[in-house]
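Asks: Input structure: coords-v3.tsv, which contains TSV, C-alpha atoms.
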chain	number	residue	atom	x	y	z
M	2	MET	CA	47.34	-67.39	-2.93
M	3	ILE	CA	45.10	-65.20	-0.79
M	4	ILE	CA	46.27	-61.57	-0.93
M	5	GLY	CA	43.61	-59.82	1.16
M	6	ALA	CA	39.94	-59.63	2.05
M	7	HIS	CA	37.09	-57.61	0.61
M	8	VAL	CA	34.41	-56.67	3.14
M	9	VAL	CA	30.95	-55.45	2.15
M	10	ILE	CA	28.81	-53.56	4.66
M	11	THR	CA	25.20	-53.04	3.63
M	12	SER	CA	23.44	-49.88	4.75
M	13	LYS	CA	20.05	-48.19	4.58
M	14	ASN	CA	21.94	-44.89	4.21
M	15	ALA	CA	25.04	-45.79	2.22
M	16	GLU	CA	26.02	-42.17	1.48
M	17	ALA	CA	26.17	-41.29	5.20
M	18	ASP	CA	28.20	-44.40	6.01
M	19	ARG	CA	30.56	-43.76	3.09
M	20	ALA	CA	31.12	-40.26	4.46
M	21	PHE	CA	31.96	-41.83	7.83
M	22	LEU	CA	34.56	-44.12	6.22
M	23	LYS	CA	35.96	-41.19	4.24
M	24	GLY	CA	36.40	-39.34	7.56
M	25	LEU	CA	38.61	-42.15	8.85
M	26	THR	CA	41.17	-41.08	6.20
M	27	LEU	CA	41.65	-44.62	4.90
M	28	PRO	CA	43.32	-44.88	1.50
M	29	SER	CA	40.68	-45.26	-1.19
M	30	VAL	CA	40.06	-45.71	-4.88
M	31	PRO	CA	36.92	-44.47	-6.69
M	32	MET	CA	35.08	-46.97	-8.84
M	33	PRO	CA	33.31	-46.06	-12.10
M	34	ASP	CA	29.89	-47.07	-10.72
M	35	GLY	CA	30.01	-44.45	-7.94
M	36	PHE	CA	31.28	-46.74	-5.21
M	37	THR	CA	34.53	-46.16	-3.36
M	38	ILE	CA	36.71	-49.00	-2.11
M	39	TYR	CA	38.61	-48.21	1.09
M	40	GLY	CA	41.87	-49.86	2.03
M	41	LEU	CA	42.11	-51.47	5.45
M	42	PRO	CA	45.12	-52.03	7.66
M	43	PRO	CA	46.44	-55.59	8.06
M	44	SER	CA	43.76	-58.06	9.09
M	45	GLU	CA	43.31	-61.55	10.44
M	46	VAL	CA	40.69	-64.30	10.25
M	47	ALA	CA	39.72	-67.03	12.72
M	48	ILE	CA	37.35	-70.01	12.63
M	49	HIS	CA	35.20	-70.58	15.71
M	50	PRO	CA	33.06	-73.66	16.42
M	51	SER	CA	29.31	-73.19	15.91
M	52	ASP	CA	26.08	-75.15	15.48
M	53	LYS	CA	25.49	-73.17	12.25
M	54	ASN	CA	27.47	-72.40	9.12
M	55	ASP	CA	27.47	-69.07	7.24
M	56	VAL	CA	27.46	-66.92	10.39
M	57	HIS	CA	30.20	-64.29	10.08
M	58	GLU	CA	31.30	-61.41	12.28
M	59	PHE	CA	33.26	-58.33	11.27
M	60	TYR	CA	35.30	-56.23	13.68
M	61	LEU	CA	37.65	-53.33	13.11
M	62	MET	CA	40.64	-53.30	15.43
M	63	CYS	CA	42.20	-50.31	17.16
M	64	ASP	CA	45.25	-49.82	19.34
M	65	ASP	CA	43.38	-47.92	22.11
M	66	VAL	CA	39.62	-48.39	22.46
M	67	ASP	CA	39.28	-45.49	24.95
M	68	ALA	CA	40.93	-43.05	22.52
M	69	THR	CA	38.88	-44.46	19.63
M	70	ILE	CA	35.62	-43.92	21.54
M	71	ALA	CA	36.63	-40.34	22.35
M	72	ALA	CA	37.48	-39.65	18.68
M	73	MET	CA	34.18	-41.16	17.48
M	74	GLU	CA	32.13	-39.20	19.98
M	75	LYS	CA	33.79	-35.96	18.80
M	76	LYS	CA	32.51	-36.84	15.32
M	77	GLY	CA	29.01	-37.44	16.67
M	78	ILE	CA	29.23	-41.22	16.35
M	79	ALA	CA	27.44	-43.05	19.18
M	80	THR	CA	29.38	-45.82	20.93
M	81	SER	CA	28.39	-48.49	23.44
M	82	PRO	CA	30.03	-48.90	26.84
M	83	ILE	CA	33.26	-50.89	26.70
M	84	ARG	CA	32.81	-54.63	27.07
M	85	GLU	CA	35.77	-56.51	28.50
M	86	ALA	CA	36.52	-59.92	26.99
M	87	GLY	CA	39.56	-62.09	27.56
M	88	TRP	CA	40.64	-61.50	23.97
M	89	GLY	CA	39.91	-57.75	23.75
M	90	ARG	CA	38.14	-54.58	24.86
M	91	LEU	CA	35.11	-53.91	22.62
M	92	THR	CA	32.72	-51.14	21.74
M	93	THR	CA	29.97	-50.95	19.14
M	94	LEU	CA	29.64	-47.90	16.91
M	95	THR	CA	26.32	-46.82	15.49
M	96	LEU	CA	27.04	-45.75	11.94
M	97	PRO	CA	25.28	-42.68	10.52
M	98	GLY	CA	23.09	-45.03	8.46
M	99	GLY	CA	21.93	-46.78	11.63
M	100	GLY	CA	23.97	-49.97	11.29
M	101	LYS	CA	26.25	-51.30	14.00
M	102	LEU	CA	29.99	-51.86	13.69
M	103	ASP	CA	32.14	-53.48	16.37
M	104	ILE	CA	35.63	-52.22	17.13
M	105	TYR	CA	38.02	-53.80	19.58
M	106	GLU	CA	41.44	-53.36	21.09
M	107	PRO	CA	43.04	-56.82	20.83
M	108	LEU	CA	44.52	-58.34	23.96
M	109	HIS	CA	45.40	-61.58	22.17
M	110	PRO	CA	48.67	-62.25	20.34
M	111	ARG	CA	48.59	-61.02	16.75
M	112	PRO	CA	49.84	-63.16	13.86
M	113	LYS	CA	52.63	-62.00	11.62
M	114	GLN	CA	51.06	-60.23	8.67
M	115	HIS	CA	50.85	-61.99	5.34
M	116	LEU	CA	52.68	-60.05	2.66
M	117	PRO	CA	51.87	-61.18	-0.87
M	118	LYS	CA	54.82	-61.82	-3.14
M	119	ALA	CA	55.60	-58.84	-5.29
M	120	ARG	CA	54.44	-59.31	-8.83
M	121	ALA	CA	57.03	-58.97	-11.52
M	122	PRO	CA	56.43	-55.73	-13.39
M	123	LYS	CA	54.90	-56.18	-16.81
M	124	LYS	CA	57.51	-55.94	-19.52
M	125	LYS	CA	57.10	-52.96	-21.76
M	126	ALA	CA	57.01	-53.66	-25.46
M	127	LYS	CA	60.39	-53.04	-26.98
M	128	PRO	CA	60.35	-50.12	-29.40
M	129	ALA	CA	60.87	-51.03	-33.03
M	130	PRO	CA	64.54	-50.84	-34.00
M	131	ARG	CA	65.44	-47.56	-35.63
M	132	LYS	CA	66.70	-47.61	-39.14
M	133	LYS	CA	70.20	-46.30	-39.42
M	134	ALA	CA	70.26	-42.98	-41.18
M	135	ARG	CA	72.33	-42.97	-44.33
M	136	ALA	CA	75.50	-41.05	-43.82
M	137	LYS	CA	75.59	-37.85	-45.73
M	138	THR	CA	78.10	-37.89	-48.48
M	139	SER	CA	80.92	-35.56	-47.70
M	140	ALA	CA	81.95	-32.94	-50.18
M	141	ARG	CA	85.23	-34.81	-50.72
M	142	ARG	CA	83.48	-38.02	-51.79
M	143	THR	CA	81.27	-36.08	-54.14
M	144	ARG	CA	84.34	-34.50	-55.80
M	145	LYS	CA	85.98	-37.89	-56.30
M	146	ARG	CA	83.00	-39.26	-58.18
M	147	ARG	CA	83.00	-36.42	-60.71
Spit out the file's structure as structure tokens when you get a sec.
Replies:
Amino acid sequence: MIIGAHVVITSKNAEADRAFLKGLTLPSVPMPDGFTIYGLPPSEVAIHPSDKNDVHEFYLMCDDVDATIAAMEKKGIATSPIREAGWGRLTTLTLPGGGKLDIYEPLHPRPKQHLPKARAPKKKAKPAPRKKARAKTSARRTRKRR
């Protein structure tokens, strides 16, 4: 079963764009090869008709595009004028590395989020049974044997 999506953004200045993502305070996990993987909020996917295959678009979503633009501009991130579409209000950010990233405020209905089934926790190995300690002989028992 699908449990999420992994998005790769290529950049001519990956360090600057990673710093931008870090500034969004997304949860993250460092990888041993120097990369960082950032967690994203719930997402959705749609299939649109096209004359070509293998053409994909990536958008981040926000709850208020005006507030998002203001926050980005305070960080020195350039944004485009808002474009109104029937399905959302869009802006394009120019990332520090020079790439473009679209963000929109959805005006369309949102699907219920897919929540993967919780995995059963791995069972811990049972500790080896302890050997019963021999009971110490009481002084009385010792006297009886003599």
Asks: Separation of CA of Gly98 in chain M and CA of Asp18 in chain M, in Å?
Replies: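 Taking CA of Gly98 in chain M and CA of Asp18 in chain M, their separation equals 5.7 Å.
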Asks: Quick check, in Å to one decimal: how far apart do CA of Thr92 in chain M and CA of Pro42 in chain M lie?
Replies: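 Separating CA of Thr92 in chain M from CA of Pro42 in chain M is a distance of 18.8 Å.
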Asks: Rank nothing, just name the residue among M:Leu102, M:Met62, M:Ala72, M:Val46 nearest to Ile10 in chain M, using all atoms listed in the file.
Replies: M:Leu102
Asks: So that I can check the surroundings of Val9 in chain M, please list as a PyMOL selection string every protein, DNA and RNA residue that reaches within 10 Å of it, counting only C-alpha atoms and ignoring chain neighbours fewer than 3 positions away.
Replies: chain M and resi 6+12+38+59
Asks: Which residue out of M:Gly40, M:Gly5, M:Gly100, M:Pro82 has the minimum interatomic distance to His115 in chain M when only C-alpha atoms are used?
Replies: M:Gly5
Asks: Looking at all atoms listed in the file, which of M:Ile83, M:Met32, M:Ile78, M:Ala17 is the one that sits closest to Thr95 in chain M?
Replies: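 Closest candidate: M:Ile78.
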Asks: Grab the CA of Asp64 in chain M to CA of Pro97 in chain M distance for me, in Å with one decimal place.
Replies: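 CA of Pro97 in chain M lies at a distance of 23.0 Å from CA of Asp64 in chain M.
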Asks: Leaving out Ala86 in chain M and any residue of its chain fewer than 4 positions from it, which residues lie within 12 Å of it when counting all atoms listed in the file, given as an MDAnalysis selection string?
Replies: chainID M and resid 90:92 105:109
Asks: Name the closest residue to Gly24 in chain M among the candidates M:Pro50, M:Lys124, M:Gly77, M:Ala68; distances are taken between atoms, counting all atoms listed in the file.
Replies: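 Between M:Pro50, M:Lys124, M:Gly77, M:Ala68, the residue approaching Gly24 in chain M most closely is M:Gly77.
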Asks: Could you check the closest approach to Trp88 in chain M for each of M:Arg111, M:Lys75, M:Lys101, M:Lys53 and tell me which residue wins, using only C-alpha atoms?
Replies: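 Distance minimum relative to Trp88 in chain M lands on M:Arg111.
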Asks: Taking all atoms listed in the file into account, name the residue in M:Leu94, M:Glu74, M:Leu41, M:Ser51 that is nearest to His7 in chain M.
Replies: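 Of the candidates, the smallest distance to His7 in chain M is held by M:Leu41.
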Asks: Which residues, protein or nucleic acid, reach to within 8 Å of (37.5, -55.5, 11.3) in the file's coordinates when using all atoms listed in the file, and can you give that as a PyMOL selection string?
Replies: chain M and resi 44+59-62+103-104
Asks: Could you write out as lines of an AutoDock Vina configuration file the box around range 86-97 of chain M (axis-aligned, all atoms listed in the file, 4 Å on each side), with centre and edge lengths in Å to one decimal?
Replies:
center_x = 33.0
center_y = -52.4
center_z = 19.0
size_x = 23.4
size_y = 27.4
size_z = 25.0
